[in-house]
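Asker: Got a file for you: protein.pdb, PDB, N, CA and C atoms.
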ATOM      1  N   MET V   1     -73.014 -69.473 -72.590
ATOM      2  CA  MET V   1     -73.739 -70.348 -71.699
ATOM      3  C   MET V   1     -72.747 -71.301 -71.045
ATOM      4  N   THR V   2     -72.967 -71.584 -69.761
ATOM      5  CA  THR V   2     -72.095 -72.491 -69.023
ATOM      6  C   THR V   2     -72.783 -73.834 -68.878
ATOM      7  N   THR V   3     -72.036 -74.883 -69.116
ATOM      8  CA  THR V   3     -72.559 -76.234 -68.988
ATOM      9  C   THR V   3     -71.938 -76.887 -67.763
ATOM     10  N   LEU V   4     -72.768 -77.440 -66.897
ATOM     11  CA  LEU V   4     -72.282 -78.122 -65.713
ATOM     12  C   LEU V   4     -72.245 -79.612 -65.973
ATOM     13  N   VAL V   5     -71.133 -80.220 -65.637
ATOM     14  CA  VAL V   5     -70.978 -81.656 -65.820
ATOM     15  C   VAL V   5     -70.630 -82.242 -64.465
ATOM     16  N   SER V   6     -71.351 -83.253 -64.075
ATOM     17  CA  SER V   6     -71.047 -83.902 -62.809
ATOM     18  C   SER V   6     -70.375 -85.233 -63.067
ATOM     19  N   ARG V   7     -69.441 -85.561 -62.202
ATOM     20  CA  ARG V   7     -68.756 -86.841 -62.323
ATOM     21  C   ARG V   7     -69.570 -87.907 -61.622
ATOM     22  N   PRO V   8     -69.639 -89.082 -62.214
ATOM     23  CA  PRO V   8     -70.349 -90.171 -61.532
ATOM     24  C   PRO V   8     -69.575 -90.617 -60.296
ATOM     25  N   VAL V   9     -70.304 -90.925 -59.244
ATOM     26  CA  VAL V   9     -69.698 -91.383 -58.000
ATOM     27  C   VAL V   9     -69.938 -92.877 -57.896
ATOM     28  N   GLU V  10     -68.893 -93.606 -57.507
ATOM     29  CA  GLU V  10     -69.049 -95.050 -57.356
ATOM     30  C   GLU V  10     -70.074 -95.340 -56.259
ATOM     31  N   ALA V  11     -70.863 -96.358 -56.468
ATOM     32  CA  ALA V  11     -71.986 -96.651 -55.576
ATOM     33  C   ALA V  11     -71.545 -96.901 -54.137
ATOM     34  N   GLY V  12     -70.490 -97.646 -53.919
ATOM     35  CA  GLY V  12     -70.101 -97.986 -52.557
ATOM     36  C   GLY V  12     -69.107 -97.042 -51.944
ATOM     37  N   ASN V  13     -68.688 -96.031 -52.668
ATOM     38  CA  ASN V  13     -67.605 -95.196 -52.184
ATOM     39  C   ASN V  13     -68.058 -94.135 -51.190
ATOM     40  N   ARG V  14     -68.869 -93.184 -51.601
ATOM     41  CA  ARG V  14     -69.208 -92.056 -50.735
ATOM     42  C   ARG V  14     -70.552 -92.206 -50.035
ATOM     43  N   THR V  15     -71.478 -92.929 -50.616
ATOM     44  CA  THR V  15     -72.794 -93.020 -49.993
ATOM     45  C   THR V  15     -72.729 -93.780 -48.681
ATOM     46  N   GLY V  16     -71.897 -94.796 -48.584
ATOM     47  CA  GLY V  16     -71.758 -95.545 -47.334
ATOM     48  C   GLY V  16     -71.181 -94.691 -46.231
ATOM     49  N   THR V  17     -70.238 -93.840 -46.569
ATOM     50  CA  THR V  17     -69.631 -92.954 -45.577
ATOM     51  C   THR V  17     -70.647 -91.955 -45.050
ATOM     52  N   ARG V  18     -71.438 -91.405 -45.944
ATOM     53  CA  ARG V  18     -72.467 -90.447 -45.514
ATOM     54  C   ARG V  18     -73.507 -91.115 -44.632
ATOM     55  N   ASP V  19     -73.932 -92.323 -45.022
ATOM     56  CA  ASP V  19     -74.927 -93.033 -44.219
ATOM     57  C   ASP V  19     -74.376 -93.375 -42.844
ATOM     58  N   GLY V  20     -73.113 -93.781 -42.790
ATOM     59  CA  GLY V  20     -72.489 -94.104 -41.508
ATOM     60  C   GLY V  20     -72.399 -92.891 -40.609
ATOM     61  N   ARG V  21     -72.026 -91.755 -41.182
ATOM     62  CA  ARG V  21     -71.965 -90.524 -40.388
ATOM     63  C   ARG V  21     -73.340 -90.113 -39.908
ATOM     64  N   ARG V  22     -74.318 -90.244 -40.776
ATOM     65  CA  ARG V  22     -75.687 -89.861 -40.399
ATOM     66  C   ARG V  22     -76.179 -90.722 -39.245
ATOM     67  N   ILE V  23     -75.896 -92.007 -39.293
ATOM     68  CA  ILE V  23     -76.312 -92.914 -38.218
ATOM     69  C   ILE V  23     -75.579 -92.565 -36.928
ATOM     70  N   ALA V  24     -74.276 -92.308 -37.030
ATOM     71  CA  ALA V  24     -73.495 -91.963 -35.833
ATOM     72  C   ALA V  24     -73.986 -90.662 -35.207
ATOM     73  N   VAL V  25     -74.290 -89.674 -36.018
ATOM     74  CA  VAL V  25     -74.782 -88.402 -35.502
ATOM     75  C   VAL V  25     -76.149 -88.589 -34.860
ATOM     76  N   THR V  26     -76.999 -89.397 -35.468
ATOM     77  CA  THR V  26     -78.332 -89.651 -34.909
ATOM     78  C   THR V  26     -78.237 -90.362 -33.565
ATOM     79  N   VAL V  27     -77.380 -91.375 -33.472
ATOM     80  CA  VAL V  27     -77.209 -92.101 -32.210
ATOM     81  C   VAL V  27     -76.636 -91.178 -31.140
ATOM     82  N   ALA V  28     -75.649 -90.377 -31.500
ATOM     83  CA  ALA V  28     -75.052 -89.443 -30.537
ATOM     84  C   ALA V  28     -76.089 -88.423 -30.053
ATOM     85  N   ALA V  29     -76.911 -87.913 -30.961
ATOM     86  CA  ALA V  29     -77.935 -86.946 -30.587
ATOM     87  C   ALA V  29     -78.976 -87.590 -29.668
ATOM     88  N   ALA V  30     -79.336 -88.838 -29.938
ATOM     89  CA  ALA V  30     -80.301 -89.531 -29.084
ATOM     90  C   ALA V  30     -79.735 -89.741 -27.682
ATOM     91  N   LEU V  31     -78.450 -90.074 -27.583
ATOM     92  CA  LEU V  31     -77.833 -90.250 -26.276
ATOM     93  C   LEU V  31     -77.760 -88.933 -25.505
ATOM     94  N   VAL V  32     -77.419 -87.868 -26.196
ATOM     95  CA  VAL V  32     -77.384 -86.548 -25.546
ATOM     96  C   VAL V  32     -78.781 -86.161 -25.069
ATOM     97  N   LEU V  33     -79.780 -86.431 -25.889
ATOM     98  CA  LEU V  33     -81.154 -86.131 -25.491
ATOM     99  C   LEU V  33     -81.563 -86.938 -24.266
ATOM    100  N   LEU V  34     -81.242 -88.218 -24.246
ATOM    101  CA  LEU V  34     -81.572 -89.065 -23.101
ATOM    102  C   LEU V  34     -80.887 -88.563 -21.832
ATOM    103  N   LEU V  35     -79.604 -88.226 -21.927
ATOM    104  CA  LEU V  35     -78.891 -87.711 -20.762
ATOM    105  C   LEU V  35     -79.465 -86.381 -20.297
ATOM    106  N   THR V  36     -79.869 -85.551 -21.230
ATOM    107  CA  THR V  36     -80.459 -84.262 -20.878
ATOM    108  C   THR V  36     -81.790 -84.449 -20.161
ATOM    109  N   VAL V  37     -82.604 -85.370 -20.638
ATOM    110  CA  VAL V  37     -83.896 -85.634 -19.995
ATOM    111  C   VAL V  37     -83.686 -86.193 -18.588
ATOM    112  N   LEU V  38     -82.750 -87.145 -18.445
ATOM    113  CA  LEU V  38     -82.477 -87.695 -17.114
ATOM    114  C   LEU V  38     -81.959 -86.613 -16.166
ATOM    115  N   ALA V  39     -81.075 -85.763 -16.650
ATOM    116  CA  ALA V  39     -80.556 -84.676 -15.809
ATOM    117  C   ALA V  39     -81.666 -83.702 -15.437
ATOM    118  N   SER V  40     -82.560 -83.448 -16.371
ATOM    119  CA  SER V  40     -83.665 -82.542 -16.103
ATOM    120  C   SER V  40     -84.563 -83.096 -15.009
ATOM    121  N   PHE V  41     -84.867 -84.383 -15.075
ATOM    122  CA  PHE V  41     -85.695 -84.995 -14.039
ATOM    123  C   PHE V  41     -84.957 -85.042 -12.699
ATOM    124  N   ALA V  42     -83.677 -85.361 -12.742
ATOM    125  CA  ALA V  42     -82.910 -85.510 -11.505
ATOM    126  C   ALA V  42     -82.645 -84.173 -10.829
ATOM    127  N   LEU V  43     -82.477 -83.110 -11.612
ATOM    128  CA  LEU V  43     -82.114 -81.815 -11.047
ATOM    129  C   LEU V  43     -83.256 -80.808 -11.094
ATOM    130  N   GLY V  44     -84.469 -81.282 -11.247
ATOM    131  CA  GLY V  44     -85.627 -80.396 -11.348
ATOM    132  C   GLY V  44     -85.952 -79.721 -10.039
ATOM    133  N   SER V  45     -87.223 -79.465  -9.775
ATOM    134  CA  SER V  45     -87.624 -78.753  -8.572
ATOM    135  C   SER V  45     -87.308 -79.554  -7.309
ATOM    136  N   ARG V  46     -87.289 -80.866  -7.432
ATOM    137  CA  ARG V  46     -86.863 -81.740  -6.329
ATOM    138  C   ARG V  46     -85.715 -82.595  -6.856
ATOM    139  N   GLN V  47     -84.603 -82.560  -6.174
ATOM    140  CA  GLN V  47     -83.471 -83.352  -6.630
ATOM    141  C   GLN V  47     -83.674 -84.813  -6.254
ATOM    142  N   ARG V  48     -83.455 -85.678  -7.237
ATOM    143  CA  ARG V  48     -83.573 -87.120  -7.058
ATOM    144  C   ARG V  48     -82.318 -87.783  -7.604
ATOM    145  N   PRO V  49     -81.902 -88.897  -7.027
ATOM    146  CA  PRO V  49     -80.774 -89.642  -7.606
ATOM    147  C   PRO V  49     -81.141 -90.154  -9.001
ATOM    148  N   VAL V  50     -80.160 -90.192  -9.887
ATOM    149  CA  VAL V  50     -80.418 -90.600 -11.265
ATOM    150  C   VAL V  50     -80.938 -92.029 -11.329
ATOM    151  N   ASP V  51     -80.430 -92.926 -10.473
ATOM    152  CA  ASP V  51     -80.915 -94.307 -10.509
ATOM    153  C   ASP V  51     -82.392 -94.391 -10.121
ATOM    154  N   GLN V  52     -82.841 -93.536  -9.212
ATOM    155  CA  GLN V  52     -84.251 -93.512  -8.829
ATOM    156  C   GLN V  52     -85.118 -92.997  -9.984
ATOM    157  N   VAL V  53     -84.631 -91.994 -10.690
ATOM    158  CA  VAL V  53     -85.355 -91.469 -11.853
ATOM    159  C   VAL V  53     -85.435 -92.537 -12.937
ATOM    160  N   TRP V  54     -84.318 -93.198 -13.212
ATOM    161  CA  TRP V  54     -84.293 -94.237 -14.244
ATOM    162  C   TRP V  54     -85.257 -95.361 -13.884
ATOM    163  N   HIS V  55     -85.255 -95.798 -12.637
ATOM    164  CA  HIS V  55     -86.154 -96.866 -12.200
ATOM    165  C   HIS V  55     -87.617 -96.449 -12.366
ATOM    166  N   ALA V  56     -87.929 -95.214 -12.053
ATOM    167  CA  ALA V  56     -89.309 -94.732 -12.193
ATOM    168  C   ALA V  56     -89.713 -94.694 -13.660
ATOM    169  N   LEU V  57     -88.797 -94.417 -14.566
ATOM    170  CA  LEU V  57     -89.124 -94.355 -15.990
ATOM    171  C   LEU V  57     -89.281 -95.737 -16.610
ATOM    172  N   VAL V  58     -88.441 -96.683 -16.239
ATOM    173  CA  VAL V  58     -88.470 -97.986 -16.912
ATOM    174  C   VAL V  58     -89.377 -98.997 -16.250
ATOM    175  N   SER V  59     -89.659 -98.832 -14.957
ATOM    176  CA  SER V  59     -90.557 -99.790 -14.297
ATOM    177  C   SER V  59     -91.428 -99.077 -13.273
ATOM    178  N   PRO V  60     -92.392 -98.306 -13.751
ATOM    179  CA  PRO V  60     -93.271 -97.605 -12.812
ATOM    180  C   PRO V  60     -94.174 -98.579 -12.060
ATOM    181  N   ASP V  61     -94.428 -98.282 -10.802
ATOM    182  CA  ASP V  61     -95.295 -99.154  -9.997
ATOM    183  C   ASP V  61     -96.685 -98.572  -9.803
ATOM    184  N   GLY V  62     -96.973 -97.470 -10.426
ATOM    185  CA  GLY V  62     -98.308 -96.887 -10.339
ATOM    186  C   GLY V  62     -98.487 -95.938  -9.164
ATOM    187  N   GLY V  63     -97.468 -95.774  -8.355
ATOM    188  CA  GLY V  63     -97.579 -94.922  -7.180
ATOM    189  C   GLY V  63     -97.242 -93.488  -7.449
TER     190      GLY V  63
END
The structure in this file should be written as structure tokens.
Answerer:
Amino acid sequence: MTTLVSRPVEAGNRTGTRDGRRIAVTVAAALVLLLTVLASFALGSRQRPVDQVWHALVSPDGG
């Protein structure tokens, strides 16, 4: 029979690094998603300038 033994990991050593990477990857993915959505709106069936698309998304006037 084989016995597996795990070494204890210091609390502040590896968990902080993993959490930091996870946050960085999440932020990067959110930025890529935002840029993709803006590009999709700007380059869709009617081409619009990105600033016009952004303005329509953040401050719609109801028109």
Asker: One decimal, in Å: what's the spacing between CA of Ala28 (chain V) and CA of Trp54 (chain V)?
Answerer: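 Rounded to one decimal, the two atoms are 19.3 Å apart.
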Asker: Region 30-39 of chain V: which residues within 8 Å, counting only N, CA and C atoms, same-chain residues fewer than 6 positions away excluded, as a ChimeraX atom specification?
Answerer: /V:24,50,53-54
Asker: With 8 Å of padding per side, what axis-aligned box (centre and edge lengths, Å, one decimal) covers all the listed atoms of region 24-30 of chain V? Give it as AutoDock Vina command-line options.
Answerer:
--center_x -76.9 --center_y -89.6 --center_z -32.4 --size_x 22.8 --size_y 21.4 --size_z 25.3
